[in-house]
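Take a look at the structure below.
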There are 2 protein chains.
Amino acid sequence: MPDIQFRLVAVVRCSGALEAIRDELAAFMRDRAEPLLKRGAPPGCGAIIEHCSVSDDTLELEIRSDRFVRAHDALLRLKNGLSRLLARHRIGIRAIEIKSYEVSLEWDTSIKLKRLPFVRTLKHEDGRLTLVLDVDYAALERRIPDRLLKLLEDKREAASWKGKSEHWELLFESEHRQWKFDKDPTEEMVKRGWIVHAAGRGQWIYGPQPTRIFRAFEQILIEEVLRPLGYVEMIFPKFVPWAVWKRSGHAKGIYPEVYYVCTPKTRDPEYWEDVMDYYKITNEVPLDMIMERIEPVGGMCYAQCPPFWVFIQGRTIPDDILPIKVFDRSGTSHRYESGGLHGIERLDEFHRVEIVWIGTKEQVISHAEELRMRYRRIFDEILDIEWREAWVTPWFMAQEGRAGLAELKEVGTVDFEAILPYSGKWLEFQNVSINGDKYPKGFSVKLQSGKELWSGCSGVGLERWAAVLLAQKGLEPHNWSDALRRYTGDRLPGVFRFL
Amino acid sequence: MPDIQFRLVAVVRCSGALEAIRDELAAFMRDRAEPLLKRGAPPGCGAIIEHCSVSDDTLELEIRSDRFVRAHDALLRLKNGLSRLLARHRIGIRAIEIKSYEVSLEWDTSIKLKRLPFVRTLKHEDGRLTLVLDVDYAALERRIPDRLLKLLEDKREAASWKGKSEHWELLFESEHRQWKFDKDPTEEMVKRGWIVHAAGRGQWIYGPQPTRIFRAFEQILIEEVLRPLGYVEMIFPKFVPWAVWKRSGHAKGIYPEVYYVCTPKTRDPEYWEDVMDYYKITNEVPLDMIMERIEPVGGMCYAQCPPFWVFIQGRTIPDDILPIKVFDRSGTSHRYESGGLHGIERLDEFHRVEIVWIGTKEQVISHAEELRMRYRRIFDEILDIEWREAWVTPWFMAQEGRAGLAELKEVGTVDFEAILPYSGKWLEFQNVSINGDKYPKGFSVKLQSGKELWSGCSGVGLERWAAVLLAQKGLEPHNWSDALRRYTGDRLPGVFRFL
């Protein structure tokens, strides 16, 4: 049996009786169809018509094939010639029904498959997987079987990655620094009333002191990185509709972590009156009634740059405006994080400055290097912390199962990690990513010269910077560097006291 | 018939036969229950037991009442005495079933009521409304009937407000200014590539030029208002859980306009695998599958200050730290606006600096005045625009149907409105609100001295300021005041060109 086998039974319903042209049909299948179903395949390979029968106004076809001309491709190929033949007898094709479609392939992995979309039954036996598909002709036209096989391949590849640790390669280590603190900065900030846990999961309200620190970080970033490197500020949207995540690739896999956004089916107040009535009577928000009245339209900002790309989507850019350098700091990001939320180090709601650069491959790679050197100076001379840099597999490559080492030399992510003295753990607090042509391709952005367009992005998480600074240096400005105090001031503002 | 009448039939199921104590029960109903059901009511008023019968281990009671001791209150009052009596015979109450509960009240309005929560049938005839309730004993304990009647009262009051225009009283008019532009600034910005419509509804991506203008507005606000008045910056959360909107009062009525937020029921990747599989095969996000896997937990930021209040919720504040003055500019606000979205003047996603002050009544009122004078100077000397100020009914009062003119002298909103030359329409671009004790009460914040704690808030919508400035003065900085150009620069940054 070949490594993969397709067996398709289709019924072609026509507008007139076929009995009279039975011989002509047989000749067509023999002389015209056979070569058509082998075109492009190696000798001895391709699809064959195993059975063909006519009854009244229907033609039933059984097609078997290997990987070279998949049975559904064979059917699609047949349709045109068949239509022309029938047309000569003033007969049209009314519908094509898929009576059964079975795919069987080698499957020597331990991956557990419970169910798959468009699959009625699924059997795993003796190193082969047999799928009975649940598809109609339109689904064949949409290439559903091909995508299904691609999905299986991806799952096999992903499984082979599982267990193996992600790529991690040390690039740089800073000098050792003197730590001034050995406590958990979140706990200490709570104790001092600098932050209060908000009403939501993994969410804090920041008082005047940490806000001053965050704004100081932004100012440092602007003065030390963004202004000297020629960045300009933009405002990226913060609600992200599906259309954006489809193009950015996020729609492939972020579902478990999304803060979903739904809008009212209508804003007619009458439509909502019973929800309001219910609330006013019970003081409880009627969740079920709400779920019936809303529809999911996307999510809250997750990665910060994807919605920016709509600004240049479908456009062609003149080479002479490259590299483009923009940043955004206009709002929050939200991720449904795993249960073990921990202080300001791992949050559902966080604040980030997102930096995006776009150019030719050479420009993007060399700019990433420049950016890294600028960051180093900040961590060295202003934050005065101990950190290291590592070359890691970026999430979107790991997820798509492509992370060949050759590719990894250019496209990929540098993570900046710092040790937290109170726990001894390393925390990733910053990254610089070269995304290759991923975004320009996804959003159909082209370069006038026809050269390949690349991009990079770098997210500066304000909470992460704070977590690292405060863990190593403590909450007292007099223990920080003079350079940092130039931005924060010597005293942080206090406003609140309670009894 | 009294203006309102209650008729309740309840069945009390006991743990033993009641036949033997039938006489004792009759005596209890006559001697003890009768006075209990009239306690506190005017002479001749209150509840009466119309019928009482015993059969096996059940006692059936029919109670009729007027507004003074509502029938369900009567039942709750009876329960204790009855329990004590039964206990003497070693009999317990197993359950109380509500066989029927009918409420009839005067209802001489034209309000159309189709259905109400906890109401089985609803009849409107001859100026009376008759409701057959669908309640159990627990619902009576939760005072559902009282809240239902309150809701009807609110609906009657709201209907009497409908049609009447909101309160609007001119307070101030600026001098006439020379307009430099007569076009729609949104269209003009689109034409110049300053803004691009984002992938979502009522949502824009702001290029470098408008972003520079927004940041200039923030800087003006900081230098001219916030710093001189002693404000400090905080960071308010941007996802808002129901708990916050229940306390702020928004849960009463914002449903038609909310961008709802739902979180995954679990972030277990296996739970989401078929969603990812479906997407990978079809390139379509399976909305129905998603809706089954998420639950509604709140909404995106709507009004900006409510989630701040959790910072001081339940606390007692020493008088000497008043007035407290904080602001937030850390993210976006989202409203599902009506169909006729128009440019940057009416948006689903917008950017606002939110200003909050808290103090005694006198402090809050006089601070609002100070704030208004500071704003005036900005509009006069820096934006150089033509505007007016009006005293209006704030949304939360209109919605709750309380807007007596006496109250309106202190609690309420000043709207700043400016004319848009291209349309001749007035646009509200700014407000200053005195919210009275609404938020401190809602979030249980107290003052050490026991004095009443008040608060105010003022939202500075960056898009609205821009809409007004650009409509009156155009997009060329040389047509703006020197004072404004000090913040924006003489040339706005341009980065993008397209073919």
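Labeling convention for the structure tokens: chains A, B, ... as they appear, residues from 1 per chain, ligands from 1 in order of appearance.
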
Requested in this report: Could you give me, as a ChimeraX atom specification, the residues within 8 Å of stretch 344-352 of chain A, counting only C-alpha atoms and dropping anything in the same chain fewer than 4 positions from it?
Outcome: /A:186,201-204,329,331-337,427,459-464,467 /B:237,239

Requested in this report: Taking the DSSP assignment computed from this structure's backbone, write out as a ChimeraX atom specification all residues of stretch 68-311 of chain A that belong to alpha helix (DSSP H).
Outcome: /A:71-88,137-141,144-161,185-192,208-221,242-248,269-282,287-292

**Report entry** Test item: residues at most 7 Å from B:Lys325, only C-alpha atoms, excluding those fewer than 2 positions along its chain, as number ranges by chain
**Finding:** B: 230-232, 323, 356-358

Query - Within 12 Å of B:Val11 using only C-alpha atoms, minus same-chain residues under 5 positions, as a PyMOL selection string - result: chain B and resi 51-55+57-63+75+79+93-101+136-137

Report task. Using DSSP on the backbone, list every residue of stretch 318-463 of chain B that comes out as strand (DSSP E), and give them as a PyMOL selection string. Result -> chain B and resi 324-328+332-334+349-360+387-392+412-420+425-434+446-447+453-461
